[in-house]
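J.: Dropping in start18.txt, with compact mmCIF, C-alpha atoms and all ligand atoms.
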# COMPACT_ATOMS: atom_id res chain seq x y z
CA MET A 1 -49.30 -16.18 6.79
CA THR A 2 -48.42 -15.88 3.11
CA ILE A 3 -45.42 -13.77 2.18
CA THR A 4 -44.64 -13.33 -1.50
CA ASN A 5 -41.07 -12.18 -1.10
CA ARG A 6 -38.97 -14.18 1.29
CA PRO A 7 -35.35 -13.04 0.82
CA ARG A 8 -34.31 -15.83 3.16
CA ARG A 9 -35.27 -18.40 0.50
CA MET A 10 -32.12 -17.62 -1.45
CA ARG A 11 -30.01 -17.76 1.69
CA GLN A 12 -31.33 -21.18 2.57
CA ASP A 13 -28.75 -23.28 0.76
CA GLU A 14 -25.06 -22.99 0.10
CA PHE A 15 -25.62 -23.39 -3.66
CA SER A 16 -28.10 -20.51 -3.90
CA ARG A 17 -25.96 -18.31 -1.67
CA LYS A 18 -23.11 -19.00 -4.08
CA LEU A 19 -25.22 -18.22 -7.14
CA MET A 20 -26.26 -14.81 -5.89
CA ARG A 21 -22.92 -13.76 -4.41
CA GLU A 22 -22.20 -10.30 -5.81
CA ASN A 23 -18.50 -9.91 -5.09
CA ASN A 24 -15.50 -12.15 -4.86
CA LEU A 25 -12.02 -12.14 -3.46
CA SER A 26 -9.17 -14.00 -5.02
CA VAL A 27 -5.44 -14.07 -4.57
CA SER A 28 -5.11 -12.03 -7.76
CA HIS A 29 -6.59 -9.03 -5.93
CA LEU A 30 -3.83 -8.96 -3.33
CA ILE A 31 -0.61 -6.95 -3.09
CA TYR A 32 1.84 -7.76 -0.30
CA PRO A 33 3.71 -4.85 1.33
CA MET A 34 7.17 -5.93 2.50
CA PHE A 35 9.92 -4.27 4.54
CA VAL A 36 13.47 -4.55 3.29
CA MET A 37 16.67 -3.83 5.20
CA ASP A 38 20.40 -4.06 4.67
CA GLY A 39 22.30 -7.17 5.64
CA ASN A 40 22.31 -10.89 5.04
CA ARG A 41 20.16 -13.72 6.33
CA THR A 42 18.37 -11.26 8.56
CA ARG A 43 14.77 -11.37 9.68
CA GLN A 44 13.65 -8.92 12.35
CA ASP A 45 10.28 -9.07 14.03
CA ILE A 46 8.19 -5.92 14.28
CA SER A 47 6.52 -5.92 17.67
CA SER A 48 3.35 -4.09 16.66
CA MET A 49 2.92 -6.22 13.52
CA PRO A 50 2.95 -9.87 14.63
CA GLY A 51 4.06 -12.16 11.80
CA ILE A 52 5.55 -9.38 9.69
CA GLN A 53 9.31 -8.93 9.53
CA ARG A 54 12.01 -6.67 8.17
CA LEU A 55 13.95 -8.76 5.67
CA SER A 56 17.39 -8.53 4.16
CA ILE A 57 17.32 -8.87 0.36
CA ASP A 58 18.18 -12.60 0.32
CA GLU A 59 15.29 -13.32 2.69
CA LEU A 60 13.00 -10.96 0.79
CA LEU A 61 13.58 -13.03 -2.34
CA LYS A 62 12.41 -16.17 -0.55
CA ASP A 63 9.14 -14.68 0.67
CA ALA A 64 8.57 -12.90 -2.64
CA LYS A 65 8.99 -16.23 -4.44
CA GLU A 66 6.39 -17.79 -2.19
CA CYS A 67 4.02 -14.90 -3.00
CA PHE A 68 4.58 -15.41 -6.70
CA ASP A 69 4.09 -19.17 -6.48
CA LEU A 70 0.81 -18.67 -4.61
CA GLY A 71 -0.47 -16.30 -7.30
CA ILE A 72 -0.02 -12.89 -5.67
CA PRO A 73 0.49 -10.55 -8.67
CA ALA A 74 2.66 -7.90 -7.03
CA ILE A 75 4.52 -6.81 -3.92
CA ALA A 76 5.19 -3.30 -2.60
CA ILE A 77 8.56 -2.77 -0.96
CA PHE A 78 9.44 -0.28 1.78
CA PRO A 79 12.99 0.37 2.94
CA VAL A 80 14.37 0.50 6.45
CA ILE A 81 17.18 3.01 6.07
CA GLU A 82 20.07 3.19 8.51
CA ASP A 83 20.40 6.36 10.52
CA SER A 84 23.77 7.18 8.98
CA LEU A 85 22.16 7.36 5.53
CA ARG A 86 19.35 9.69 6.55
CA SER A 87 19.93 13.37 5.99
CA VAL A 88 18.27 16.77 5.86
CA ASN A 89 18.28 16.68 2.06
CA ALA A 90 17.38 12.99 1.72
CA GLU A 91 19.92 12.42 -1.09
CA GLU A 92 19.95 8.69 -0.40
CA CYS A 93 16.50 8.47 -2.00
CA PHE A 94 17.98 8.52 -5.51
CA ASN A 95 21.19 6.61 -4.85
CA GLU A 96 21.36 4.09 -7.68
CA SER A 97 23.23 1.61 -5.52
CA GLY A 98 20.93 2.16 -2.55
CA LEU A 99 18.80 -0.45 -0.83
CA ILE A 100 15.65 -0.14 -2.95
CA PRO A 101 17.36 -0.21 -6.38
CA LYS A 102 19.36 -3.23 -5.18
CA ALA A 103 16.23 -5.00 -3.96
CA VAL A 104 14.34 -4.20 -7.17
CA SER A 105 17.06 -5.55 -9.44
CA ALA A 106 17.42 -8.68 -7.34
CA LEU A 107 13.65 -9.26 -7.45
CA LYS A 108 13.34 -8.64 -11.19
CA LYS A 109 16.28 -10.92 -11.85
CA SER A 110 15.06 -13.87 -9.81
CA ILE A 111 11.25 -13.50 -10.18
CA PRO A 112 10.82 -11.43 -13.35
CA LYS A 113 7.06 -11.87 -13.57
CA LEU A 114 6.28 -10.70 -10.05
CA GLY A 115 5.15 -7.05 -10.18
CA VAL A 116 7.33 -4.77 -8.08
CA ILE A 117 5.92 -1.56 -6.64
CA THR A 118 8.20 0.98 -5.00
CA ASP A 119 7.21 3.73 -2.61
CA ILE A 120 8.01 7.26 -3.74
CA ALA A 121 8.39 9.49 -0.69
CA LEU A 122 11.24 10.92 1.33
CA ASP A 123 10.29 9.78 4.84
CA PRO A 124 12.68 6.80 5.02
CA TYR A 125 15.53 9.13 4.03
CA THR A 126 14.93 12.37 5.94
CA SER A 127 16.47 12.97 9.35
CA ASN A 128 13.08 14.07 10.69
CA GLY A 129 10.88 11.38 9.15
CA GLN A 130 8.85 13.86 7.10
CA ASP A 131 7.87 13.01 3.52
CA GLY A 132 9.24 16.31 2.26
CA LEU A 133 12.10 18.74 2.64
CA VAL A 134 11.63 21.25 5.43
CA ASP A 135 12.65 24.93 5.49
CA LYS A 136 14.05 26.71 8.54
CA ASP A 137 10.57 27.59 9.78
CA GLY A 138 9.43 24.00 9.58
CA ASN A 139 7.36 24.32 6.39
CA ILE A 140 7.33 21.38 4.00
CA LEU A 141 8.71 22.60 0.67
CA ASN A 142 6.45 21.27 -2.06
CA ASP A 143 8.31 21.95 -5.30
CA GLN A 144 11.79 21.16 -4.04
CA THR A 145 10.43 17.89 -2.68
CA VAL A 146 8.86 17.07 -6.04
CA ASP A 147 12.26 17.54 -7.72
CA LEU A 148 13.61 14.79 -5.48
CA LEU A 149 10.58 12.53 -6.00
CA VAL A 150 11.22 12.76 -9.74
CA LYS A 151 14.83 11.67 -9.25
CA GLN A 152 13.72 8.88 -6.93
CA SER A 153 11.17 7.64 -9.49
CA LEU A 154 13.71 7.61 -12.31
CA CYS A 155 16.17 5.77 -10.09
CA HIS A 156 13.58 3.10 -9.29
CA ALA A 157 12.41 2.84 -12.90
CA LYS A 158 15.98 2.38 -14.03
CA ALA A 159 16.44 -0.44 -11.50
CA GLY A 160 13.40 -2.14 -13.04
CA ALA A 161 10.45 -1.14 -10.85
CA ASP A 162 7.19 -1.93 -12.64
CA ILE A 163 5.14 0.57 -10.68
CA VAL A 164 6.22 3.68 -8.82
CA ALA A 165 3.83 4.72 -6.09
CA PRO A 166 4.07 8.29 -4.80
CA SER A 167 2.79 8.24 -1.21
CA ASP A 168 3.90 11.72 -0.24
CA MET A 169 0.85 13.86 -1.13
CA MET A 170 2.88 16.75 -2.58
CA ASP A 171 1.04 18.81 -5.21
CA GLY A 172 1.86 18.22 -8.86
CA ARG A 173 4.14 15.24 -8.33
CA VAL A 174 2.28 12.77 -10.52
CA GLY A 175 2.50 15.07 -13.54
CA ARG A 176 6.18 15.77 -13.03
CA ILE A 177 6.99 12.08 -12.54
CA ARG A 178 4.99 11.13 -15.62
CA GLN A 179 6.79 13.71 -17.78
CA ALA A 180 10.18 12.55 -16.54
CA LEU A 181 9.35 8.89 -17.18
CA GLU A 182 8.18 9.72 -20.71
CA LYS A 183 11.28 11.79 -21.47
CA ASN A 184 13.55 9.03 -20.29
CA ASN A 185 11.77 6.38 -22.28
CA PHE A 186 10.20 4.56 -19.32
CA ILE A 187 6.89 4.54 -21.14
CA ASN A 188 5.70 1.33 -19.49
CA THR A 189 6.50 2.27 -15.92
CA LYS A 190 3.15 2.59 -14.22
CA ILE A 191 2.17 5.15 -11.62
CA LEU A 192 0.04 4.09 -8.68
CA SER A 193 -0.79 7.29 -6.90
CA TYR A 194 -1.65 7.40 -3.22
CA SER A 195 -4.22 10.01 -4.23
CA ALA A 196 -6.46 10.12 -1.20
CA LYS A 197 -4.04 9.54 1.61
CA TYR A 198 -5.27 10.71 4.97
CA ALA A 199 -3.29 12.11 7.91
CA SER A 200 -4.20 9.01 9.84
CA SER A 201 -3.15 7.64 13.20
CA PHE A 202 -3.44 4.12 11.80
CA TYR A 203 0.11 4.31 10.36
CA GLY A 204 1.75 3.86 13.77
CA PRO A 205 3.04 0.29 13.40
CA PHE A 206 4.42 1.05 9.91
CA ARG A 207 6.40 3.93 11.35
CA GLU A 208 7.79 1.54 13.95
CA ALA A 209 8.67 -0.91 11.17
CA VAL A 210 10.67 1.64 9.17
CA ALA A 211 12.02 3.32 12.33
CA SER A 212 10.42 6.68 11.56
CA SER A 213 8.26 7.22 14.63
CA LYS A 214 11.08 8.52 16.82
CA LYS A 215 12.29 10.84 14.07
CA LEU A 216 8.84 12.26 13.62
CA GLY A 217 8.33 12.77 17.34
CA SER A 218 5.20 14.78 17.98
CA SER A 219 5.17 16.52 14.59
CA SER A 220 2.39 15.65 12.19
CA LYS A 221 1.88 15.31 8.44
CA ASP A 222 -1.26 17.46 8.50
CA THR A 223 0.01 20.02 5.98
CA TYR A 224 0.15 17.44 3.20
CA GLN A 225 -1.90 14.36 4.08
CA MET A 226 -5.68 14.81 4.05
CA ASP A 227 -8.01 15.73 6.88
CA PRO A 228 -10.00 12.63 7.97
CA ALA A 229 -13.12 14.80 8.02
CA ASN A 230 -13.07 15.34 4.25
CA SER A 231 -14.58 13.44 1.38
CA ASP A 232 -15.14 15.78 -1.62
CA GLU A 233 -11.49 16.74 -1.32
CA ALA A 234 -10.54 13.14 -2.03
CA LEU A 235 -12.38 13.27 -5.35
CA ASN A 236 -10.49 16.41 -6.25
CA GLU A 237 -7.15 14.80 -5.41
CA VAL A 238 -8.01 11.74 -7.48
CA LYS A 239 -9.10 13.86 -10.44
CA LEU A 240 -5.85 15.83 -10.39
CA ASP A 241 -3.75 12.66 -10.28
CA LEU A 242 -5.67 11.06 -13.14
CA ASP A 243 -5.35 14.23 -15.21
CA GLU A 244 -1.62 14.27 -14.46
CA GLY A 245 -1.20 10.72 -15.75
CA ALA A 246 -1.72 8.27 -12.88
CA ASP A 247 -2.58 4.74 -14.06
CA MET A 248 -4.05 3.67 -10.74
CA VAL A 249 -5.27 5.61 -7.74
CA MET A 250 -5.38 4.59 -4.12
CA VAL A 251 -7.35 5.29 -0.99
CA LYS A 252 -5.55 4.91 2.33
CA PRO A 253 -6.27 3.78 5.05
CA GLY A 254 -8.90 1.21 4.14
CA MET A 255 -11.61 0.20 6.59
CA PRO A 256 -12.23 3.65 8.13
CA TYR A 257 -12.47 5.09 4.59
CA LEU A 258 -14.73 2.66 2.71
CA ASP A 259 -17.05 5.54 1.84
CA ILE A 260 -14.17 7.31 0.09
CA LEU A 261 -13.25 4.17 -1.80
CA TYR A 262 -16.86 3.78 -2.94
CA ARG A 263 -17.11 7.38 -4.13
CA VAL A 264 -13.80 7.27 -5.98
CA LYS A 265 -14.70 4.09 -7.86
CA GLU A 266 -18.25 5.29 -8.61
CA THR A 267 -17.06 8.66 -9.87
CA PHE A 268 -14.06 7.73 -12.00
CA GLN A 269 -14.29 4.00 -12.81
CA LYS A 270 -10.52 3.81 -12.95
CA PRO A 271 -8.24 1.15 -11.44
CA THR A 272 -8.74 1.88 -7.75
CA PHE A 273 -6.66 0.33 -5.01
CA VAL A 274 -7.00 0.44 -1.27
CA TYR A 275 -4.39 0.06 1.46
CA GLN A 276 -5.36 -1.87 4.56
CA VAL A 277 -2.69 -0.17 6.64
CA SER A 278 -0.49 -1.32 9.48
CA GLY A 279 -2.83 -0.12 12.23
CA GLU A 280 -5.76 -2.03 10.76
CA PHE A 281 -3.57 -5.13 10.57
CA ALA A 282 -2.44 -4.61 14.17
CA MET A 283 -6.01 -4.23 15.46
CA ILE A 284 -7.17 -7.44 13.84
CA LYS A 285 -4.06 -9.34 14.98
CA ALA A 286 -4.38 -8.11 18.54
CA ALA A 287 -7.99 -9.22 18.76
CA THR A 288 -7.43 -12.60 17.12
CA GLN A 289 -4.34 -13.32 19.22
CA ASN A 290 -6.46 -12.73 22.28
CA GLY A 291 -9.07 -15.12 20.99
CA TRP A 292 -11.60 -12.28 20.81
CA LEU A 293 -12.18 -12.62 17.07
CA GLU A 294 -11.88 -15.55 14.69
CA GLU A 295 -8.78 -14.84 12.64
CA GLU A 296 -9.46 -16.34 9.21
CA LYS A 297 -13.06 -15.22 9.04
CA VAL A 298 -12.39 -11.69 10.19
CA ILE A 299 -9.53 -11.23 7.75
CA LEU A 300 -11.60 -12.47 4.81
CA GLU A 301 -14.56 -10.32 5.84
CA SER A 302 -12.36 -7.24 6.04
CA LEU A 303 -11.00 -7.93 2.56
CA ILE A 304 -14.34 -8.62 0.89
CA SER A 305 -15.58 -5.30 2.27
CA PHE A 306 -12.94 -3.56 0.13
CA ARG A 307 -14.04 -5.44 -2.96
CA ARG A 308 -17.69 -4.63 -2.24
CA ALA A 309 -16.84 -0.94 -1.84
CA GLY A 310 -15.13 -0.93 -5.24
CA ALA A 311 -11.47 -1.86 -4.82
CA ASP A 312 -9.77 -3.59 -7.72
CA ALA A 313 -6.75 -4.53 -5.66
CA ILE A 314 -5.87 -4.46 -1.98
CA LEU A 315 -2.53 -3.80 -0.34
CA THR A 316 -2.62 -5.85 2.82
CA TYR A 317 -0.14 -7.35 5.27
CA PHE A 318 -2.48 -10.36 5.31
CA ALA A 319 -1.79 -11.09 1.63
CA LEU A 320 0.63 -13.97 2.15
CA GLU A 321 -1.38 -15.50 4.96
CA VAL A 322 -4.57 -15.29 2.87
CA ALA A 323 -2.88 -16.71 -0.21
CA ARG A 324 -1.73 -19.70 1.87
CA LEU A 325 -5.22 -20.10 3.27
CA MET A 326 -6.84 -19.96 -0.17
CA LYS A 327 -4.49 -22.62 -1.44
CA LYS A 328 -5.45 -24.83 1.48
CA LEU A 329 -9.18 -24.29 0.85
CA ASN A 330 -8.94 -25.07 -2.88
C1 LIG B 401 5.30 6.79 3.76
C2 LIG B 401 4.26 5.76 3.92
C3 LIG B 401 3.50 5.50 5.07
C4 LIG B 401 2.75 4.37 4.80
C5 LIG B 401 3.04 3.97 3.49
N1 LIG B 401 3.97 4.85 2.95
C6 LIG B 401 3.50 6.16 6.39
C7 LIG B 401 3.20 7.58 6.52
O1 LIG B 401 2.68 8.23 5.62
O2 LIG B 401 3.52 8.09 7.58
C8 LIG B 401 1.83 3.72 5.80
C9 LIG B 401 1.52 2.30 5.58
C10 LIG B 401 0.94 1.59 6.73
O3 LIG B 401 0.62 2.15 7.80
O4 LIG B 401 0.79 0.37 6.60
N2 LIG B 401 5.12 7.79 2.87
When written as structure tokens, how does the structure in this file appear?

T.:
Amino acid sequence: MTITNRPRRMRQDEFSRKLMRENNLSVSHLIYPMFVMDGNRTRQDISSMPGIQRLSIDELLKDAKECFDLGIPAIAIFPVIEDSLRSVNAEECFNESGLIPKAVSALKKSIPKLGVITDIALDPYTSNGQDGLVDKDGNILNDQTVDLLVKQSLCHAKAGADIVAPSDMMDGRVGRIRQALEKNNFINTKILSYSAKYASSFYGPFREAVASSKKLGSSSKDTYQMDPANSDEALNEVKLDLDEGADMVMVKPGMPYLDILYRVKETFQKPTFVYQVSGEFAMIKAATQNGWLEEEKVILESLISFRRAGADAILTYFALEVARLMKKLN
């Protein structure tokens, strides 16, 4: 038999596989999400996220330093807010001496070149775990929430945050935040918008980590986060955020939404990030801990799939583990 085209020829050797490899993953594509809490010398395990912990600021600095030394460009920090500081009006979200501003200044002071991303949303601060203010009938109030998100963004920018990342999915928030940053002379503060954020059930472990699941109870975020059945709508959300002044857009979750990621990158060719969320992390961990999947290989395969689909950078709880692994392999 003579076959002119044998695609296997190029797969035959490691060198030719390397030469035709279309995508790559390096530590510079990774962003590490971290949970910060009040206190000193405290590390708390999160049962549904094996290997990930809530850290007091002093401990956060240690892990953040390791990230920086391994070449991870940026971290994203999420606060665990005490019950006594949560309220109906979420005022703690713009407290200049609150947990996040304190963590940001400590990080920028000790590791100035590590990018710091802060989450802009009310859910750590509301009594009910919703990302927005709620009226007496249970409706999420868009514009009043945006007023608070603007204050929260300015508070974080003032503390030194490099990137503010609205994850709330309120309408018009990117534009209002951008205007406020401009007016207050924070012209270099970047906005990473969670543009296509779905009302996903893969956020469960995160909500355990920040102690929001009980607050939320059986209520959903369906009136602001996107319907998992939709795809064109994601493009519309991304377009609005770019028009309003977002520097980077994000798709979230990751693996169940690779098609969205692909379309967003293809359509706009703008810096496009993806979030491999807590539930995706938990699934992989559960399987590898059981010996059902090979940990290192499965993690790397999941991450290269994001790069192949068009992601510039990836928020992943595996970032530190992968950075350590890559150092070992080099
Ligand atoms: C809060 C926020 C959530 C996540 C990031 N920011 C949870 C939510 O929207 O309920 C989820 C991240 C993850 O699951 O890893 N606005």

J.: What are the nearest atom pairs, with distances in Å to one decimal, for all residues of chain A that come at most 8 Å from ligand LIG 401 (chain B), using only C-alpha atoms and all ligand atoms, set out by chain and rising residue number as a tab-separated table?

T.:
residue	atom	partner	partner_atom	distance
A:Pro33	CA	B:LIG401	O4	8.0
A:Phe78	CA	B:LIG401	N1	7.6
A:Asp119	CA	B:LIG401	N1	6.5
A:Ile120	CA	B:LIG401	N2	7.2
A:Ala121	CA	B:LIG401	N2	5.1
A:Leu122	CA	B:LIG401	N2	7.0
A:Asp123	CA	B:LIG401	N2	5.9
A:Pro124	CA	B:LIG401	C1	7.5
A:Gln130	CA	B:LIG401	O2	7.9
A:Asp131	CA	B:LIG401	N2	5.9
A:Pro166	CA	B:LIG401	N2	7.8
A:Ser167	CA	B:LIG401	N2	4.7
A:Asp168	CA	B:LIG401	N2	5.2
A:Lys197	CA	B:LIG401	O1	7.9
A:Ala199	CA	B:LIG401	O1	7.5
A:Phe202	CA	B:LIG401	O3	6.0
A:Tyr203	CA	B:LIG401	O3	3.4
A:Gly204	CA	B:LIG401	O3	6.3
A:Pro205	CA	B:LIG401	O3	6.4
A:Phe206	CA	B:LIG401	O3	4.5
A:Arg207	CA	B:LIG401	C6	6.2
A:Lys221	CA	B:LIG401	O2	7.5
A:Gln225	CA	B:LIG401	O1	7.8
A:Pro253	CA	B:LIG401	O3	7.6
A:Tyr275	CA	B:LIG401	O4	7.3
A:Gln276	CA	B:LIG401	O4	6.9
A:Val277	CA	B:LIG401	O4	3.5
A:Ser278	CA	B:LIG401	O4	3.6
A:Gly279	CA	B:LIG401	O3	6.1
A:Tyr317	CA	B:LIG401	O4	7.9

J.: Can you write out the residues you just picked, keeping C-alpha atoms, as an mmCIF file, keeping the file's coordinate frame?

T.:
data_model
loop_
_atom_site.group_PDB
_atom_site.id
_atom_site.type_symbol
_atom_site.label_atom_id
_atom_site.label_comp_id
_atom_site.auth_asym_id
_atom_site.auth_seq_id
_atom_site.Cartn_x
_atom_site.Cartn_y
_atom_site.Cartn_z
ATOM 1 C CA PRO A 33 3.710 -4.850 1.330
ATOM 2 C CA PHE A 78 9.440 -0.280 1.780
ATOM 3 C CA ASP A 119 7.210 3.730 -2.610
ATOM 4 C CA ILE A 120 8.010 7.260 -3.740
ATOM 5 C CA ALA A 121 8.390 9.490 -0.690
ATOM 6 C CA LEU A 122 11.240 10.920 1.330
ATOM 7 C CA ASP A 123 10.290 9.780 4.840
ATOM 8 C CA PRO A 124 12.680 6.800 5.020
ATOM 9 C CA GLN A 130 8.850 13.860 7.100
ATOM 10 C CA ASP A 131 7.870 13.010 3.520
ATOM 11 C CA PRO A 166 4.070 8.290 -4.800
ATOM 12 C CA SER A 167 2.790 8.240 -1.210
ATOM 13 C CA ASP A 168 3.900 11.720 -0.240
ATOM 14 C CA LYS A 197 -4.040 9.540 1.610
ATOM 15 C CA ALA A 199 -3.290 12.110 7.910
ATOM 16 C CA PHE A 202 -3.440 4.120 11.800
ATOM 17 C CA TYR A 203 0.110 4.310 10.360
ATOM 18 C CA GLY A 204 1.750 3.860 13.770
ATOM 19 C CA PRO A 205 3.040 0.290 13.400
ATOM 20 C CA PHE A 206 4.420 1.050 9.910
ATOM 21 C CA ARG A 207 6.400 3.930 11.350
ATOM 22 C CA LYS A 221 1.880 15.310 8.440
ATOM 23 C CA GLN A 225 -1.900 14.360 4.080
ATOM 24 C CA PRO A 253 -6.270 3.780 5.050
ATOM 25 C CA TYR A 275 -4.390 0.060 1.460
ATOM 26 C CA GLN A 276 -5.360 -1.870 4.560
ATOM 27 C CA VAL A 277 -2.690 -0.170 6.640
ATOM 28 C CA SER A 278 -0.490 -1.320 9.480
ATOM 29 C CA GLY A 279 -2.830 -0.120 12.230
ATOM 30 C CA TYR A 317 -0.140 -7.350 5.270
#

J.: Applying 12 Å and all atoms listed in the file, which residues near Asn95 in chain A remain after dropping the ones on its own chain fewer than 2 positions away? List them as a list in words.

T.: Leu85, Arg86, Ala90, Glu91, Glu92, Cys93, Ser97, Gly98, Leu99, Ile100, Pro101, Lys102, Tyr125, Leu148, Lys151, Gln152, Ser153, Leu154, Cys155, His156, Lys158 and Ala159 of chain A

J.: Tell me which of A:Pro7, A:Gly160, A:Gly172, A:Pro256 sits closest to Asn188 in chain A, counting only C-alpha atoms.

T.: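 When distances to Asn188 in chain A are compared using only C-alpha atoms, the smallest one comes from A:Gly160.
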
J.: What is the CA of Phe318 in chain A to CA of Ile304 in chain A distance in Å?

T.: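 CA of Ile304 in chain A lies 12.8 Å from CA of Phe318 in chain A.
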
J.: I need the residue nearest Ala319 in chain A from this list: A:Arg263, A:Ser87, A:Ile299, A:Asp241. Use all atoms listed in the file for the distance.

T.: A:Ile299

J.: CA of Asn24 in chain A and CA of Lys265 in chain A are how many Å apart?

T.: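 Distance between the two atoms: 16.5 Å.
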
J.: Find, counting only C-alpha atoms, the residue in A:Asn89, A:Ser195, A:Asn184, A:Asn330 that gets nearest to Leu149 in chain A.

T.: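 Using only C-alpha atoms, the shortest distance to Leu149 in chain A belongs to A:Asn89.
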
J.: Between CA of Leu60 in chain A and CA of Val36 in chain A, what distance in Å does the model show, to one decimal?

T.: 6.9 Å

J.: Here's a test: counting all atoms listed in the file, identify every protein, DNA and RNA residue with an atom at most 8 Å from (1.7, -12.7, 15.6) in the file's coordinate frame, and state them as a PDB file with C-alpha atoms, in the coordinates of the input.

T.:
ATOM      1  CA  MET A  49       2.920  -6.220  13.520  1.00  0.00           C
ATOM      2  CA  PRO A  50       2.950  -9.870  14.630  1.00  0.00           C
ATOM      3  CA  GLY A  51       4.060 -12.160  11.800  1.00  0.00           C
ATOM      4  CA  ILE A  52       5.550  -9.380   9.690  1.00  0.00           C
ATOM      5  CA  LYS A 285      -4.060  -9.340  14.980  1.00  0.00           C
ATOM      6  CA  GLN A 289      -4.340 -13.320  19.220  1.00  0.00           C
TER       7      GLN A 289
END

J.: Between A:Val80, A:Leu258, A:Leu242, A:Ala309, which residue has the minimum interatomic distance to Gln44 in chain A, considering all atoms listed in the file?

T.: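 Nearest to Gln44 in chain A: A:Val80.
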
J.: From the options A:Ile260, A:Val238, A:Ala246, A:Leu320, which residue's atoms come nearest to Gln179 in chain A, counting only C-alpha atoms?

T.: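 For Gln179 in chain A, the nearest of the candidates is A:Ala246.
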
J.: Any idea what's packed within 9 Å of Ala64 in chain A, counting all atoms listed in the file, ignoring anything in its chain fewer than 6 positions away? Could you give it as a PyMOL selection string?

T.: chain A and resi 32+34+74-75+107+111+114

J.: Can you pull out every residue within 12 Å of Leu300 in chain A, counting only C-alpha atoms, but drop anything in the same chain fewer than 6 positions away, and send it as a list of chain:residue names?

T.: A:Asn24, A:Leu25, A:Ser26, A:Val27, A:Leu30, A:Ile284, A:Glu294, A:Phe306, A:Arg307, A:Ile314, A:Thr316, A:Phe318, A:Ala319, A:Glu321, A:Val322, A:Ala323, A:Leu325, A:Met326

J.: Can you patch up range 34-38 of chain A, filling it in to all heavy atoms, and show the result as a PDB file, keeping the file's coordinate frame?

T.:
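Okay, this is what ended up in out-v6.pdb:
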ATOM      1  N   MET A  34       6.062  -5.266   1.808  1.00  0.00           N
ATOM      2  CA  MET A  34       7.170  -5.930   2.500  1.00  0.00           C
ATOM      3  C   MET A  34       8.240  -4.904   2.905  1.00  0.00           C
ATOM      4  O   MET A  34       8.466  -3.928   2.199  1.00  0.00           O
ATOM      5  CB  MET A  34       7.806  -6.979   1.579  1.00  0.00           C
ATOM      6  CG  MET A  34       6.813  -8.021   1.084  1.00  0.00           C
ATOM      7  SD  MET A  34       7.576  -9.236  -0.031  1.00  0.00           S
ATOM      8  CE  MET A  34       8.407 -10.312   1.141  1.00  0.00           C
ATOM      9  N   PHE A  35       8.890  -5.172   4.039  1.00  0.00           N
ATOM     10  CA  PHE A  35       9.920  -4.270   4.540  1.00  0.00           C
ATOM     11  C   PHE A  35      11.297  -4.859   4.259  1.00  0.00           C
ATOM     12  O   PHE A  35      11.575  -6.002   4.616  1.00  0.00           O
ATOM     13  CB  PHE A  35       9.753  -4.061   6.050  1.00  0.00           C
ATOM     14  CG  PHE A  35       8.438  -3.427   6.396  1.00  0.00           C
ATOM     15  CD1 PHE A  35       7.411  -4.168   6.972  1.00  0.00           C
ATOM     16  CD2 PHE A  35       8.213  -2.082   6.115  1.00  0.00           C
ATOM     17  CE1 PHE A  35       6.182  -3.584   7.265  1.00  0.00           C
ATOM     18  CE2 PHE A  35       6.989  -1.483   6.414  1.00  0.00           C
ATOM     19  CZ  PHE A  35       5.975  -2.237   6.986  1.00  0.00           C
ATOM     20  N   VAL A  36      12.145  -4.052   3.630  1.00  0.00           N
ATOM     21  CA  VAL A  36      13.470  -4.550   3.290  1.00  0.00           C
ATOM     22  C   VAL A  36      14.547  -3.749   4.015  1.00  0.00           C
ATOM     23  O   VAL A  36      14.423  -2.536   4.191  1.00  0.00           O
ATOM     24  CB  VAL A  36      13.685  -4.553   1.747  1.00  0.00           C
ATOM     25  CG1 VAL A  36      13.516  -3.169   1.154  1.00  0.00           C
ATOM     26  CG2 VAL A  36      15.039  -5.125   1.365  1.00  0.00           C
ATOM     27  N   MET A  37      15.575  -4.477   4.477  1.00  0.00           N
ATOM     28  CA  MET A  37      16.670  -3.830   5.200  1.00  0.00           C
ATOM     29  C   MET A  37      18.011  -4.328   4.671  1.00  0.00           C
ATOM     30  O   MET A  37      18.077  -5.317   3.939  1.00  0.00           O
ATOM     31  CB  MET A  37      16.565  -4.129   6.698  1.00  0.00           C
ATOM     32  CG  MET A  37      16.647  -5.619   7.017  1.00  0.00           C
ATOM     33  SD  MET A  37      16.436  -5.984   8.773  1.00  0.00           S
ATOM     34  CE  MET A  37      17.990  -5.367   9.403  1.00  0.00           C
ATOM     35  N   ASP A  38      19.057  -3.639   5.063  1.00  0.00           N
ATOM     36  CA  ASP A  38      20.400  -4.060   4.670  1.00  0.00           C
ATOM     37  C   ASP A  38      20.783  -5.324   5.425  1.00  0.00           C
ATOM     38  O   ASP A  38      20.197  -5.625   6.457  1.00  0.00           O
ATOM     39  CB  ASP A  38      21.384  -2.930   5.030  1.00  0.00           C
ATOM     40  CG  ASP A  38      22.208  -2.558   3.814  1.00  0.00           C
ATOM     41  OD1 ASP A  38      22.304  -3.410   2.893  1.00  0.00           O
ATOM     42  OD2 ASP A  38      22.741  -1.448   3.778  1.00  0.00           O
TER      43      ASP A  38
END
